[in-house]
file structure_20.cif (mmCIF, C-alpha atoms and all ligand atoms)
data_entry
#
loop_
_atom_site.group_PDB
_atom_site.id
_atom_site.type_symbol
_atom_site.label_atom_id
_atom_site.label_comp_id
_atom_site.auth_asym_id
_atom_site.auth_seq_id
_atom_site.Cartn_x
_atom_site.Cartn_y
_atom_site.Cartn_z
ATOM 1 C CA MET A 1 80.702 40.207 118.678
ATOM 2 C CA THR A 2 79.553 36.690 117.839
ATOM 3 C CA ILE A 3 75.872 36.238 116.909
ATOM 4 C CA ARG A 4 74.437 33.324 118.911
ATOM 5 C CA VAL A 5 71.895 31.285 116.944
ATOM 6 C CA CYS A 6 69.178 28.859 118.000
ATOM 7 C CA LEU A 7 68.365 26.766 114.929
ATOM 8 C CA ALA A 8 64.956 25.055 114.817
ATOM 9 C CA GLY A 9 65.013 22.228 112.287
ATOM 10 C CA ILE A 10 68.703 21.589 112.856
ATOM 11 C CA SER A 11 68.565 17.968 111.708
ATOM 12 C CA GLY A 12 66.654 18.768 108.493
ATOM 13 C CA TRP A 13 67.824 18.991 104.898
ATOM 14 C CA ALA A 14 68.072 22.795 104.977
ATOM 15 C CA GLY A 15 68.815 23.268 108.709
ATOM 16 C CA SER A 16 71.733 20.844 108.933
ATOM 17 C CA THR A 17 73.407 22.395 105.861
ATOM 18 C CA LEU A 18 72.953 25.864 107.351
ATOM 19 C CA ALA A 19 74.411 24.711 110.698
ATOM 20 C CA LYS A 20 77.519 23.475 108.873
ATOM 21 C CA GLY A 21 77.728 26.786 106.981
ATOM 22 C CA ILE A 22 77.471 28.734 110.253
ATOM 23 C CA ASN A 23 80.232 26.573 111.691
ATOM 24 C CA GLN A 24 82.581 27.899 109.019
ATOM 25 C CA THR A 25 82.053 31.556 109.935
ATOM 26 C CA ASP A 26 83.938 33.585 112.537
ATOM 27 C CA ASP A 27 81.026 35.802 113.552
ATOM 28 C CA ILE A 28 78.061 33.411 114.014
ATOM 29 C CA GLU A 29 77.739 30.321 116.211
ATOM 30 C CA VAL A 30 74.982 27.768 116.809
ATOM 31 C CA VAL A 31 74.309 27.543 120.550
ATOM 32 C CA ALA A 32 71.071 25.517 120.489
ATOM 33 C CA GLY A 33 69.003 23.437 118.093
ATOM 34 C CA VAL A 34 65.537 21.899 117.821
ATOM 35 C CA SER A 35 64.574 18.465 116.501
ATOM 36 C CA ARG A 36 62.108 16.041 118.088
ATOM 37 C CA GLN A 37 63.846 12.913 116.876
ATOM 38 C CA GLN A 38 67.375 14.052 117.797
ATOM 39 C CA ALA A 39 66.416 15.607 121.157
ATOM 40 C CA GLY A 40 68.939 14.920 123.903
ATOM 41 C CA ARG A 41 71.803 14.228 121.469
ATOM 42 C CA SER A 42 74.750 16.600 121.177
ATOM 43 C CA LEU A 43 74.966 19.082 118.281
ATOM 44 C CA SER A 44 78.438 17.785 117.610
ATOM 45 C CA GLU A 45 77.247 14.184 117.180
ATOM 46 C CA VAL A 46 74.210 14.991 115.039
ATOM 47 C CA LEU A 47 76.043 17.418 112.770
ATOM 48 C CA ASP A 48 79.279 15.432 112.754
ATOM 49 C CA LEU A 49 81.240 18.554 113.726
ATOM 50 C CA ALA A 50 83.962 18.492 116.392
ATOM 51 C CA ASN A 51 84.009 22.180 117.381
ATOM 52 C CA ILE A 52 80.383 22.757 118.361
ATOM 53 C CA LYS A 53 78.854 22.555 121.847
ATOM 54 C CA GLY A 54 75.289 22.076 123.084
ATOM 55 C CA ILE A 55 72.419 19.620 123.203
ATOM 56 C CA ILE A 56 69.437 19.416 120.837
ATOM 57 C CA SER A 57 66.012 20.185 122.358
ATOM 58 C CA ALA A 58 62.635 18.710 121.442
ATOM 59 C CA SER A 59 60.874 22.093 121.247
ATOM 60 C CA ALA A 60 61.639 25.732 120.542
ATOM 61 C CA GLU A 61 60.414 26.748 123.995
ATOM 62 C CA GLU A 62 62.958 24.388 125.595
ATOM 63 C CA ALA A 63 65.822 25.464 123.307
ATOM 64 C CA LEU A 64 65.094 29.141 123.971
ATOM 65 C CA ALA A 65 66.046 28.656 127.627
ATOM 66 C CA ILE A 66 69.597 28.923 126.271
ATOM 67 C CA PRO A 67 70.264 32.631 125.541
ATOM 68 C CA CYS A 68 70.526 33.417 121.822
ATOM 69 C CA ASP A 69 70.534 36.538 119.651
ATOM 70 C CA VAL A 70 68.819 35.105 116.580
ATOM 71 C CA PHE A 71 66.291 32.275 116.296
ATOM 72 C CA VAL A 72 66.210 30.595 112.875
ATOM 73 C CA GLU A 73 62.912 28.889 111.985
ATOM 74 C CA TYR A 74 63.495 26.025 109.524
ATOM 75 C CA THR A 75 60.914 23.369 110.539
ATOM 76 C CA LYS A 76 57.359 22.963 109.220
ATOM 77 C CA PRO A 77 54.501 25.434 108.670
ATOM 78 C CA ASP A 78 52.303 23.915 111.419
ATOM 79 C CA VAL A 79 54.740 24.861 114.205
ATOM 80 C CA ALA A 80 56.535 27.794 112.587
ATOM 81 C CA LYS A 81 54.313 30.607 113.849
ATOM 82 C CA SER A 82 54.261 29.449 117.479
ATOM 83 C CA ASN A 83 58.051 28.960 117.379
ATOM 84 C CA VAL A 84 58.530 32.489 116.031
ATOM 85 C CA LEU A 85 56.247 34.036 118.650
ATOM 86 C CA ALA A 86 58.041 32.083 121.401
ATOM 87 C CA ALA A 87 61.412 33.348 120.149
ATOM 88 C CA LEU A 88 60.193 36.957 120.178
ATOM 89 C CA ARG A 89 58.883 36.518 123.743
ATOM 90 C CA HIS A 90 62.366 35.315 124.706
ATOM 91 C CA GLY A 91 63.913 38.461 123.228
ATOM 92 C CA ALA A 92 65.484 36.999 120.074
ATOM 93 C CA HIS A 93 65.433 38.393 116.545
ATOM 94 C CA VAL A 94 63.995 35.867 114.094
ATOM 95 C CA VAL A 95 64.886 34.637 110.612
ATOM 96 C CA ILE A 96 62.100 32.601 108.971
ATOM 97 C CA GLY A 97 63.049 30.119 106.261
ATOM 98 C CA THR A 98 60.030 27.846 106.651
ATOM 99 C CA SER A 99 57.507 28.223 103.855
ATOM 100 C CA GLY A 100 53.717 28.165 104.120
ATOM 101 C CA LEU A 101 52.941 30.966 106.599
ATOM 102 C CA THR A 102 49.968 33.100 105.564
ATOM 103 C CA ASP A 103 49.699 36.877 105.267
ATOM 104 C CA ALA A 104 47.573 36.798 108.460
ATOM 105 C CA ASP A 105 50.377 34.900 110.257
ATOM 106 C CA TYR A 106 52.857 37.538 109.106
ATOM 107 C CA ALA A 107 50.600 40.358 110.310
ATOM 108 C CA GLU A 108 50.500 38.759 113.791
ATOM 109 C CA ILE A 109 54.261 38.176 113.756
ATOM 110 C CA ASN A 110 54.885 41.799 112.743
ATOM 111 C CA GLU A 111 52.704 42.980 115.629
ATOM 112 C CA ALA A 112 54.625 40.820 118.116
ATOM 113 C CA ALA A 113 57.994 41.933 116.706
ATOM 114 C CA LEU A 114 57.053 45.617 117.033
ATOM 115 C CA GLN A 115 55.882 45.070 120.619
ATOM 116 C CA GLN A 116 59.149 43.331 121.523
ATOM 117 C CA GLY A 117 61.310 45.806 119.586
ATOM 118 C CA LYS A 118 62.863 42.947 117.565
ATOM 119 C CA GLY A 119 63.464 42.257 113.879
ATOM 120 C CA VAL A 120 61.926 39.395 111.888
ATOM 121 C CA LEU A 121 63.187 38.619 108.397
ATOM 122 C CA ALA A 122 61.077 36.119 106.419
ATOM 123 C CA VAL A 123 62.684 34.816 103.260
ATOM 124 C CA GLY A 124 60.837 32.430 100.946
ATOM 125 C CA ASN A 125 64.044 31.583 99.104
ATOM 126 C CA PHE A 126 67.519 32.321 100.489
ATOM 127 C CA SER A 127 69.240 31.646 97.174
ATOM 128 C CA MET A 128 71.182 34.698 95.965
ATOM 129 C CA ALA A 129 70.634 33.505 92.389
ATOM 130 C CA VAL A 130 66.858 33.629 92.946
ATOM 131 C CA VAL A 131 67.117 37.180 94.286
ATOM 132 C CA LEU A 132 69.024 38.077 91.115
ATOM 133 C CA LEU A 133 66.397 36.336 88.961
ATOM 134 C CA GLN A 134 63.710 38.435 90.676
ATOM 135 C CA LYS A 135 65.627 41.679 90.249
ATOM 136 C CA CYS A 136 66.589 41.025 86.597
ATOM 137 C CA ALA A 137 63.015 40.008 85.725
ATOM 138 C CA GLU A 138 61.626 43.119 87.449
ATOM 139 C CA LEU A 139 63.950 45.270 85.365
ATOM 140 C CA VAL A 140 62.913 43.589 82.102
ATOM 141 C CA ALA A 141 59.189 43.751 82.992
ATOM 142 C CA LYS A 142 59.500 47.557 83.083
ATOM 143 C CA TYR A 143 60.314 47.529 79.378
ATOM 144 C CA ILE A 144 58.667 44.343 78.023
ATOM 145 C CA PRO A 145 55.126 43.968 79.358
ATOM 146 C CA GLN A 146 54.393 40.624 77.686
ATOM 147 C CA TYR A 147 55.614 37.697 79.745
ATOM 148 C CA GLU A 148 54.637 34.350 81.235
ATOM 149 C CA ILE A 149 56.292 32.130 83.871
ATOM 150 C CA ILE A 150 57.128 28.430 83.858
ATOM 151 C CA ASP A 151 57.444 26.642 87.201
ATOM 152 C CA TYR A 152 59.412 23.352 87.054
ATOM 153 C CA ALA A 153 59.748 20.892 89.964
ATOM 154 C CA SER A 154 60.219 17.229 90.781
ATOM 155 C CA ALA A 155 57.369 14.795 90.188
ATOM 156 C CA GLY A 156 56.730 14.457 93.933
ATOM 157 C CA LYS A 157 56.342 18.153 94.765
ATOM 158 C CA LYS A 158 52.734 18.520 95.880
ATOM 159 C CA ASP A 159 52.345 22.287 96.148
ATOM 160 C CA SER A 160 51.891 24.105 92.886
ATOM 161 C CA PRO A 161 52.926 26.654 91.770
ATOM 162 C CA SER A 162 56.045 26.819 93.956
ATOM 163 C CA GLY A 163 56.371 29.583 96.544
ATOM 164 C CA THR A 164 59.275 31.004 94.547
ATOM 165 C CA VAL A 165 57.139 31.349 91.407
ATOM 166 C CA ARG A 166 54.151 32.745 93.316
ATOM 167 C CA GLU A 167 56.408 35.464 94.700
ATOM 168 C CA LEU A 168 57.878 36.106 91.256
ATOM 169 C CA ALA A 169 54.414 36.510 89.707
ATOM 170 C CA TYR A 170 53.420 38.928 92.479
ATOM 171 C CA ARG A 171 56.588 40.979 92.104
ATOM 172 C CA LEU A 172 56.344 41.261 88.312
ATOM 173 C CA SER A 173 52.660 42.190 88.500
ATOM 174 C CA GLN A 174 53.649 45.100 90.740
ATOM 175 C CA ILE A 175 56.054 46.385 88.061
ATOM 176 C CA GLN A 176 53.656 46.094 85.134
ATOM 177 C CA PRO A 177 50.896 43.497 84.671
ATOM 178 C CA PRO A 178 51.329 41.551 81.423
ATOM 179 C CA GLN A 179 49.326 42.615 78.382
ATOM 180 C CA ASN A 180 47.677 39.621 76.729
ATOM 181 C CA ILE A 181 46.755 40.212 73.081
ATOM 182 C CA VAL A 182 43.947 37.635 73.436
ATOM 183 C CA PRO A 183 42.292 37.954 76.870
ATOM 184 C CA ILE A 184 42.428 34.597 78.669
ATOM 185 C CA ASP A 185 38.636 34.296 78.891
ATOM 186 C CA GLN A 186 38.420 34.625 75.113
ATOM 187 C CA THR A 187 40.674 31.608 74.548
ATOM 188 C CA GLN A 188 39.226 29.152 72.081
ATOM 189 C CA GLY A 189 39.655 25.717 73.688
ATOM 190 C CA PRO A 190 40.240 24.737 77.349
ATOM 191 C CA LEU A 191 41.163 27.822 79.404
ATOM 192 C CA GLU A 192 43.503 25.552 81.462
ATOM 193 C CA SER A 193 45.792 25.330 78.449
ATOM 194 C CA ARG A 194 46.795 28.943 79.242
ATOM 195 C CA GLY A 195 47.919 28.026 82.775
ATOM 196 C CA VAL A 196 46.765 29.637 85.999
ATOM 197 C CA THR A 197 46.441 33.415 86.387
ATOM 198 C CA LEU A 198 48.292 34.662 89.486
ATOM 199 C CA ASN A 199 48.130 38.404 90.113
ATOM 200 C CA GLY A 200 47.307 38.771 86.418
ATOM 201 C CA VAL A 201 50.333 36.692 85.335
ATOM 202 C CA GLN A 202 50.028 33.364 83.441
ATOM 203 C CA VAL A 203 51.943 30.602 85.266
ATOM 204 C CA HIS A 204 52.497 27.086 83.906
ATOM 205 C CA SER A 205 53.579 24.353 86.341
ATOM 206 C CA LEU A 206 55.417 21.187 85.294
ATOM 207 C CA ARG A 207 55.990 18.310 87.745
ATOM 208 C CA LEU A 208 58.423 15.796 86.235
ATOM 209 C CA PRO A 209 61.087 13.280 87.294
ATOM 210 C CA GLY A 210 64.594 14.557 86.656
ATOM 211 C CA HIS A 211 63.695 18.108 87.677
ATOM 212 C CA VAL A 212 64.478 19.803 91.008
ATOM 213 C CA ILE A 213 63.287 23.424 91.182
ATOM 214 C CA SER A 214 63.489 25.804 88.245
ATOM 215 C CA ALA A 215 61.728 29.019 87.369
ATOM 216 C CA GLU A 216 61.751 30.668 83.978
ATOM 217 C CA VAL A 217 60.314 33.996 82.888
ATOM 218 C CA LEU A 218 59.729 34.267 79.143
ATOM 219 C CA PHE A 219 59.392 37.759 77.704
ATOM 220 C CA GLY A 220 58.094 38.285 74.166
ATOM 221 C CA ASP A 221 58.518 41.472 72.146
ATOM 222 C CA LEU A 222 58.279 42.434 68.486
ATOM 223 C CA ASP A 223 60.206 39.721 66.631
ATOM 224 C CA GLN A 224 62.440 39.036 69.643
ATOM 225 C CA ARG A 225 62.443 37.008 72.870
ATOM 226 C CA LEU A 226 64.229 37.133 76.186
ATOM 227 C CA SER A 227 64.186 34.430 78.853
ATOM 228 C CA ILE A 228 65.599 34.408 82.382
ATOM 229 C CA ARG A 229 65.864 31.051 84.090
ATOM 230 C CA TYR A 230 66.971 29.736 87.473
ATOM 231 C CA ASP A 231 67.837 26.060 88.119
ATOM 232 C CA ALA A 232 68.446 24.743 91.642
ATOM 233 C CA GLY A 233 70.749 21.793 92.255
ATOM 234 C CA ILE A 234 69.955 18.944 94.640
ATOM 235 C CA SER A 235 71.753 20.070 97.806
ATOM 236 C CA ALA A 236 70.744 22.829 100.228
ATOM 237 C CA GLU A 237 74.080 24.647 99.745
ATOM 238 C CA ALA A 238 72.418 27.317 97.605
ATOM 239 C CA TYR A 239 70.441 28.558 100.626
ATOM 240 C CA VAL A 240 73.360 28.993 103.028
ATOM 241 C CA GLU A 241 74.894 32.296 101.894
ATOM 242 C CA GLY A 242 71.556 34.122 101.923
ATOM 243 C CA ALA A 243 70.603 32.670 105.319
ATOM 244 C CA LEU A 244 73.934 33.861 106.776
ATOM 245 C CA LEU A 245 73.244 37.338 105.397
ATOM 246 C CA ALA A 246 69.749 37.260 106.947
ATOM 247 C CA ILE A 247 71.185 36.268 110.357
ATOM 248 C CA ARG A 248 73.696 39.137 110.170
ATOM 249 C CA LYS A 249 71.079 41.719 109.118
ATOM 250 C CA VAL A 250 68.011 40.824 111.181
ATOM 251 C CA GLY A 251 69.223 42.718 114.249
ATOM 252 C CA THR A 252 69.476 45.986 112.321
ATOM 253 C CA PHE A 253 65.740 46.822 112.201
ATOM 254 C CA VAL A 254 62.509 46.409 114.155
ATOM 255 C CA GLY A 255 59.347 44.674 112.853
ATOM 256 C CA LEU A 256 58.862 42.311 109.919
ATOM 257 C CA LYS A 257 60.661 42.466 106.584
ATOM 258 C CA ARG A 258 59.979 39.997 103.784
ATOM 259 C CA GLY A 259 62.454 38.905 101.118
ATOM 260 C CA LEU A 260 66.231 38.842 101.173
ATOM 261 C CA ASP A 261 66.368 41.826 98.840
ATOM 262 C CA SER A 262 64.830 43.934 101.631
ATOM 263 C CA VAL A 263 68.231 43.865 103.379
ATOM 264 C CA MET A 264 70.404 43.997 100.244
ATOM 265 C CA GLU A 265 71.593 46.978 98.228
ATOM 266 C CA PHE A 266 71.025 47.101 94.470
HETATM 267 N N1 LIG A 301 63.683 29.795 102.561
HETATM 268 C C1 LIG A 301 64.404 28.935 101.846
HETATM 269 O O1 LIG A 301 65.294 29.299 101.057
HETATM 270 C C2 LIG A 301 64.167 27.459 102.068
HETATM 271 C C3 LIG A 301 65.092 26.516 101.584
HETATM 272 C C4 LIG A 301 64.861 25.176 101.869
HETATM 273 C C5 LIG A 301 63.739 24.781 102.600
HETATM 274 N N2 LIG A 301 62.852 25.727 103.016
HETATM 275 C C6 LIG A 301 61.689 25.404 103.853
HETATM 276 O O2 LIG A 301 62.221 25.092 105.149
HETATM 277 C C7 LIG A 301 61.388 24.136 105.787
HETATM 278 C C8 LIG A 301 62.234 22.913 106.176
HETATM 279 O O3 LIG A 301 62.627 22.253 104.972
HETATM 280 P P1 LIG A 301 63.537 20.933 105.002
HETATM 281 O O4 LIG A 301 63.589 20.451 103.617
HETATM 282 O O5 LIG A 301 64.820 21.177 105.723
HETATM 283 O O6 LIG A 301 62.628 19.931 105.871
HETATM 284 P P2 LIG A 301 63.107 18.616 106.648
HETATM 285 O O7 LIG A 301 64.314 18.014 106.038
HETATM 286 O O8 LIG A 301 61.887 17.754 106.772
HETATM 287 O O9 LIG A 301 63.520 19.144 108.095
HETATM 288 C C9 LIG A 301 62.576 19.637 109.017
HETATM 289 C C10 LIG A 301 63.281 19.892 110.333
HETATM 290 O O10 LIG A 301 62.347 20.432 111.251
HETATM 291 C C11 LIG A 301 62.224 19.572 112.396
HETATM 292 N N3 LIG A 301 60.813 19.563 112.778
HETATM 293 C C12 LIG A 301 59.755 19.258 111.987
HETATM 294 N N4 LIG A 301 58.615 19.366 112.678
HETATM 295 C C13 LIG A 301 58.961 19.760 113.919
HETATM 296 C C14 LIG A 301 58.227 20.031 115.107
HETATM 297 N N5 LIG A 301 56.900 19.898 115.157
HETATM 298 N N6 LIG A 301 58.900 20.444 116.205
HETATM 299 C C15 LIG A 301 60.245 20.554 116.172
HETATM 300 N N7 LIG A 301 61.009 20.290 115.089
HETATM 301 C C16 LIG A 301 60.368 19.893 113.981
HETATM 302 C C17 LIG A 301 62.717 18.214 111.889
HETATM 303 O O11 LIG A 301 63.209 17.418 112.949
HETATM 304 P P3 LIG A 301 62.276 16.324 113.691
HETATM 305 O O12 LIG A 301 61.425 15.665 112.655
HETATM 306 O O13 LIG A 301 63.263 15.425 114.360
HETATM 307 O O14 LIG A 301 61.457 17.095 114.679
HETATM 308 C C18 LIG A 301 63.859 18.642 110.991
HETATM 309 O O15 LIG A 301 64.984 18.972 111.752
HETATM 310 C C19 LIG A 301 60.260 23.838 104.785
HETATM 311 O O16 LIG A 301 59.168 24.678 105.069
HETATM 312 C C20 LIG A 301 60.875 24.210 103.449
HETATM 313 O O17 LIG A 301 59.908 24.539 102.469
HETATM 314 C C21 LIG A 301 63.051 27.054 102.750
#
call {"tool": "encode", "arguments": {"input": "structure_20.cif", "output": "structure tokens"}}
result
Amino acid sequence: MTIRVCLAGISGWAGSTLAKGINQTDDIEVVAGVSRQQAGRSLSEVLDLANIKGIISASAEEALAIPCDVFVEYTKPDVAKSNVLAALRHGAHVVIGTSGLTDADYAEINEAALQQGKGVLAVGNFSMAVVLLQKCAELVAKYIPQYEIIDYASAGKKDSPSGTVRELAYRLSQIQPPQNIVPIDQTQGPLESRGVTLNGVQVHSLRLPGHVISAEVLFGDLDQRLSIRYDAGISAEAYVEGALLAIRKVGTFVGLKRGLDSVMEF
């Protein structure tokens, strides 16, 4: 059976690439989309795809009048929560790609999902390579408890550290918090030179032209080093495969799950 998707943020950098990825599958189809600026135009015209039907709506509430199985949230943090709650009220499962929702937002979303008997899958980074970075780093952190993280991004990226690195620091801290030989507060010189401490992990953020998004975990052990690094390219292609997996899996459980690895087998 085909999974019908309503895609909020369909004209965006990530949403339009996902819509084109969906169009190449046999089991998922986009039936509705949301964009204020493209409202009233056909999906086919906006996405430059011949074999897709439907009109873009200005709001999630309007788009949800068209029956769908899965609502994909790929807009902006300020409207994401209300879009998700509207989708649950309309009886759709929800995949959240938008970043910036708080833990309190997720608690409310989980409550609503449980009440409606629907699944919500929130994924801060749909890249399969990032999931593998997380899993490999978690494995190494079990054995090498001395590590720090470097967060690289373009000069214009305002939020720091990136959501991907925040999640990485949290995950590694849950495996084994790093052991600093010199406690950070006993540093001689500016404490800032040791980066920011997130969940007990030192994180160093660089914002430079010529960079996109990279994350590197550096492990240090007796007379040896190991580093694991992820580098994103400039397109949104890297996020398509994971988002398709999320759309296929979100109907298989009830309530909120966070992270793509929560629906993958390792
Ligand atoms: N999870 C992941 O792997 C992943 C990957 C990439 C991006 N993201 C996140 O996904 C979100 C979107 O990123 P992006 O780079 O695609 O942004 P973008 O290019 O600015 O696209 C945003 C989309 O949302 C629509 N939109 C924005 N505000 C809206 C509103 N109030 N009501 C209805 N539609 C609205 C925009 O259309 P209109 O302006 O015409 O309304 C556009 O279609 C961000 O939070 C980003 O951090 C996550």
call {"tool": "resolve_selection", "arguments": {"input": "structure_20.cif", "expression": "the PyMOL selection byres (((not hetatm)) within 8 of (chain A and resi 301))", "output": "JSON list (two decimals) with C-alpha atoms, in the coordinates of the input"}}
result
[["chain", "number", "residue", "atom", "x", "y", "z"],
["A", 8, "ALA", "CA", 64.96, 25.06, 114.82],
["A", 9, "GLY", "CA", 65.01, 22.23, 112.29],
["A", 10, "ILE", "CA", 68.70, 21.59, 112.86],
["A", 11, "SER", "CA", 68.56, 17.97, 111.71],
["A", 12, "GLY", "CA", 66.65, 18.77, 108.49],
["A", 13, "TRP", "CA", 67.82, 18.99, 104.90],
["A", 14, "ALA", "CA", 68.07, 22.80, 104.98],
["A", 15, "GLY", "CA", 68.82, 23.27, 108.71],
["A", 16, "SER", "CA", 71.73, 20.84, 108.93],
["A", 34, "VAL", "CA", 65.54, 21.90, 117.82],
["A", 35, "SER", "CA", 64.57, 18.46, 116.50],
["A", 36, "ARG", "CA", 62.11, 16.04, 118.09],
["A", 37, "GLN", "CA", 63.85, 12.91, 116.88],
["A", 38, "GLN", "CA", 67.38, 14.05, 117.80],
["A", 39, "ALA", "CA", 66.42, 15.61, 121.16],
["A", 58, "ALA", "CA", 62.64, 18.71, 121.44],
["A", 59, "SER", "CA", 60.87, 22.09, 121.25],
["A", 60, "ALA", "CA", 61.64, 25.73, 120.54],
["A", 73, "GLU", "CA", 62.91, 28.89, 111.98],
["A", 74, "TYR", "CA", 63.50, 26.02, 109.52],
["A", 75, "THR", "CA", 60.91, 23.37, 110.54],
["A", 76, "LYS", "CA", 57.36, 22.96, 109.22],
["A", 77, "PRO", "CA", 54.50, 25.43, 108.67],
["A", 78, "ASP", "CA", 52.30, 23.92, 111.42],
["A", 79, "VAL", "CA", 54.74, 24.86, 114.20],
["A", 96, "ILE", "CA", 62.10, 32.60, 108.97],
["A", 97, "GLY", "CA", 63.05, 30.12, 106.26],
["A", 98, "THR", "CA", 60.03, 27.85, 106.65],
["A", 99, "SER", "CA", 57.51, 28.22, 103.86],
["A", 100, "GLY", "CA", 53.72, 28.16, 104.12],
["A", 122, "ALA", "CA", 61.08, 36.12, 106.42],
["A", 123, "VAL", "CA", 62.68, 34.82, 103.26],
["A", 124, "GLY", "CA", 60.84, 32.43, 100.95],
["A", 125, "ASN", "CA", 64.04, 31.58, 99.10],
["A", 126, "PHE", "CA", 67.52, 32.32, 100.49],
["A", 127, "SER", "CA", 69.24, 31.65, 97.17],
["A", 236, "ALA", "CA", 70.74, 22.83, 100.23],
["A", 239, "TYR", "CA", 70.44, 28.56, 100.63],
["A", 242, "GLY", "CA", 71.56, 34.12, 101.92],
["A", 243, "ALA", "CA", 70.60, 32.67, 105.32]]
call {"tool": "closest_atom_pairs", "arguments": {"input": "structure_20.cif", "of": "segment 132-158 of chain A", "to": "segment 183-197 of chain A", "cutoff": "10 Å", "atoms": "all atoms listed in the file", "output": "Markdown table"}}
result
| residue | atom | partner | partner_atom | distance |
| --- | --- | --- | --- | --- |
| A:Glu148 | CA | A:Gly195 | CA | 9.4 |
| A:Ile149 | CA | A:Gly195 | CA | 9.4 |
| A:Ile150 | CA | A:Gly195 | CA | 9.3 |
call {"tool": "atom_distance", "arguments": {"input": "structure_20.cif", "atom1": "atom CA of Val240 of chain A", "atom2": "atom CA of Ser214 of chain A"}}
result
18.1 Å
call {"tool": "atom_distance", "arguments": {"input": "structure_20.cif", "atom1": "atom CA of Ala112 of chain A", "atom2": "atom CA of Lys249 of chain A"}}
result
18.8 Å
call {"tool": "atom_distance", "arguments": {"input": "structure_20.cif", "atom1": "atom CA of Leu18 of chain A", "atom2": "atom CA of Glu167 of chain A"}}
result
22.9 Å
call {"tool": "closest_residue", "arguments": {"input": "structure_20.cif", "among": "A:Lys257, A:Arg207, A:Lys135, A:Lys142", "to": "His93 of chain A", "atoms": "all atoms listed in the file"}}
result
A:Lys257
call {"tool": "closest_residue", "arguments": {"input": "structure_20.cif", "among": "A:Ala238, A:Ile3, A:Ile228, A:Leu206", "to": "Glu138 of chain A", "atoms": "only C-alpha atoms"}}
result
A:Ile228
call {"tool": "residues_around", "arguments": {"input": "structure_20.cif", "residues": "Lys81 of chain A", "least_positions_apart": "4", "cutoff": "8 Å", "atoms": "all atoms listed in the file", "output": "ChimeraX atom specification"}}
result
/A:77,85,101,105,109
call {"tool": "axis_aligned_box", "arguments": {"input": "structure_20.cif", "around": "segment 65-71 of chain A", "padding_each_side": "8 Å", "output": "AutoDock Vina command-line options"}}
result
--center_x 68.3 --center_y 32.6 --center_z 122.0 --size_x 20.5 --size_y 23.9 --size_z 27.3
call {"tool": "residues_near_point", "arguments": {"input": "structure_20.cif", "point": "(65.4, 34.0, 92.8)", "cutoff": "10 Å", "atoms": "only C-alpha atoms", "output": "PDB file with C-alpha atoms, in the coordinates of the input"}}
result
ATOM      1  CA  GLY A 124      60.837  32.430 100.946  1.00  0.00           C
ATOM      2  CA  ASN A 125      64.044  31.583  99.104  1.00  0.00           C
ATOM      3  CA  PHE A 126      67.519  32.321 100.489  1.00  0.00           C
ATOM      4  CA  SER A 127      69.240  31.646  97.174  1.00  0.00           C
ATOM      5  CA  MET A 128      71.182  34.698  95.965  1.00  0.00           C
ATOM      6  CA  ALA A 129      70.634  33.505  92.389  1.00  0.00           C
ATOM      7  CA  VAL A 130      66.858  33.629  92.946  1.00  0.00           C
ATOM      8  CA  VAL A 131      67.117  37.180  94.286  1.00  0.00           C
ATOM      9  CA  LEU A 132      69.024  38.077  91.115  1.00  0.00           C
ATOM     10  CA  LEU A 133      66.397  36.336  88.961  1.00  0.00           C
ATOM     11  CA  GLN A 134      63.710  38.435  90.676  1.00  0.00           C
ATOM     12  CA  LYS A 135      65.627  41.679  90.249  1.00  0.00           C
ATOM     13  CA  CYS A 136      66.589  41.025  86.597  1.00  0.00           C
ATOM     14  CA  ALA A 137      63.015  40.008  85.725  1.00  0.00           C
ATOM     15  CA  THR A 164      59.275  31.004  94.547  1.00  0.00           C
ATOM     16  CA  VAL A 165      57.139  31.349  91.407  1.00  0.00           C
ATOM     17  CA  GLU A 167      56.408  35.464  94.700  1.00  0.00           C
ATOM     18  CA  LEU A 168      57.878  36.106  91.256  1.00  0.00           C
ATOM     19  CA  SER A 214      63.489  25.804  88.245  1.00  0.00           C
ATOM     20  CA  ALA A 215      61.728  29.019  87.369  1.00  0.00           C
ATOM     21  CA  ARG A 229      65.864  31.051  84.090  1.00  0.00           C
ATOM     22  CA  TYR A 230      66.971  29.736  87.473  1.00  0.00           C
ATOM     23  CA  ASP A 231      67.837  26.060  88.119  1.00  0.00           C
ATOM     24  CA  ALA A 232      68.446  24.743  91.642  1.00  0.00           C
ATOM     25  CA  LEU A 260      66.231  38.842 101.173  1.00  0.00           C
ATOM     26  CA  ASP A 261      66.368  41.826  98.840  1.00  0.00           C
TER      27      ASP A 261
END
call {"tool": "closest_residue", "arguments": {"input": "structure_20.cif", "among": "A:Asn199, A:Lys157, A:Thr102, A:Val70", "to": "Leu121 of chain A", "atoms": "only C-alpha atoms"}}
result
A:Val70
call {"tool": "build_atoms", "arguments": {"input": "structure_20.cif", "residues": "segment 47-51 of chain A", "atoms": "N, CA and C atoms", "output": "mmCIF file, keeping the file's coordinate frame"}}
result
data_model
loop_
_atom_site.group_PDB
_atom_site.id
_atom_site.type_symbol
_atom_site.label_atom_id
_atom_site.label_comp_id
_atom_site.auth_asym_id
_atom_site.auth_seq_id
_atom_site.Cartn_x
_atom_site.Cartn_y
_atom_site.Cartn_z
ATOM 1 N N LEU A 47 75.544 16.703 113.946
ATOM 2 C CA LEU A 47 76.043 17.418 112.770
ATOM 3 C C LEU A 47 77.396 16.883 112.293
ATOM 4 N N ASP A 48 77.969 15.991 113.073
ATOM 5 C CA ASP A 48 79.279 15.432 112.754
ATOM 6 C C ASP A 48 80.342 16.546 112.657
ATOM 7 N N LEU A 49 80.281 17.445 113.665
ATOM 8 C CA LEU A 49 81.240 18.554 113.726
ATOM 9 C C LEU A 49 81.917 18.514 115.096
ATOM 10 N N ALA A 50 83.247 18.626 115.118
ATOM 11 C CA ALA A 50 83.962 18.492 116.392
ATOM 12 C C ALA A 50 83.823 19.744 117.258
ATOM 13 N N ASN A 51 83.881 20.932 116.620
ATOM 14 C CA ASN A 51 84.009 22.180 117.381
ATOM 15 C C ASN A 51 82.677 22.874 117.643
#
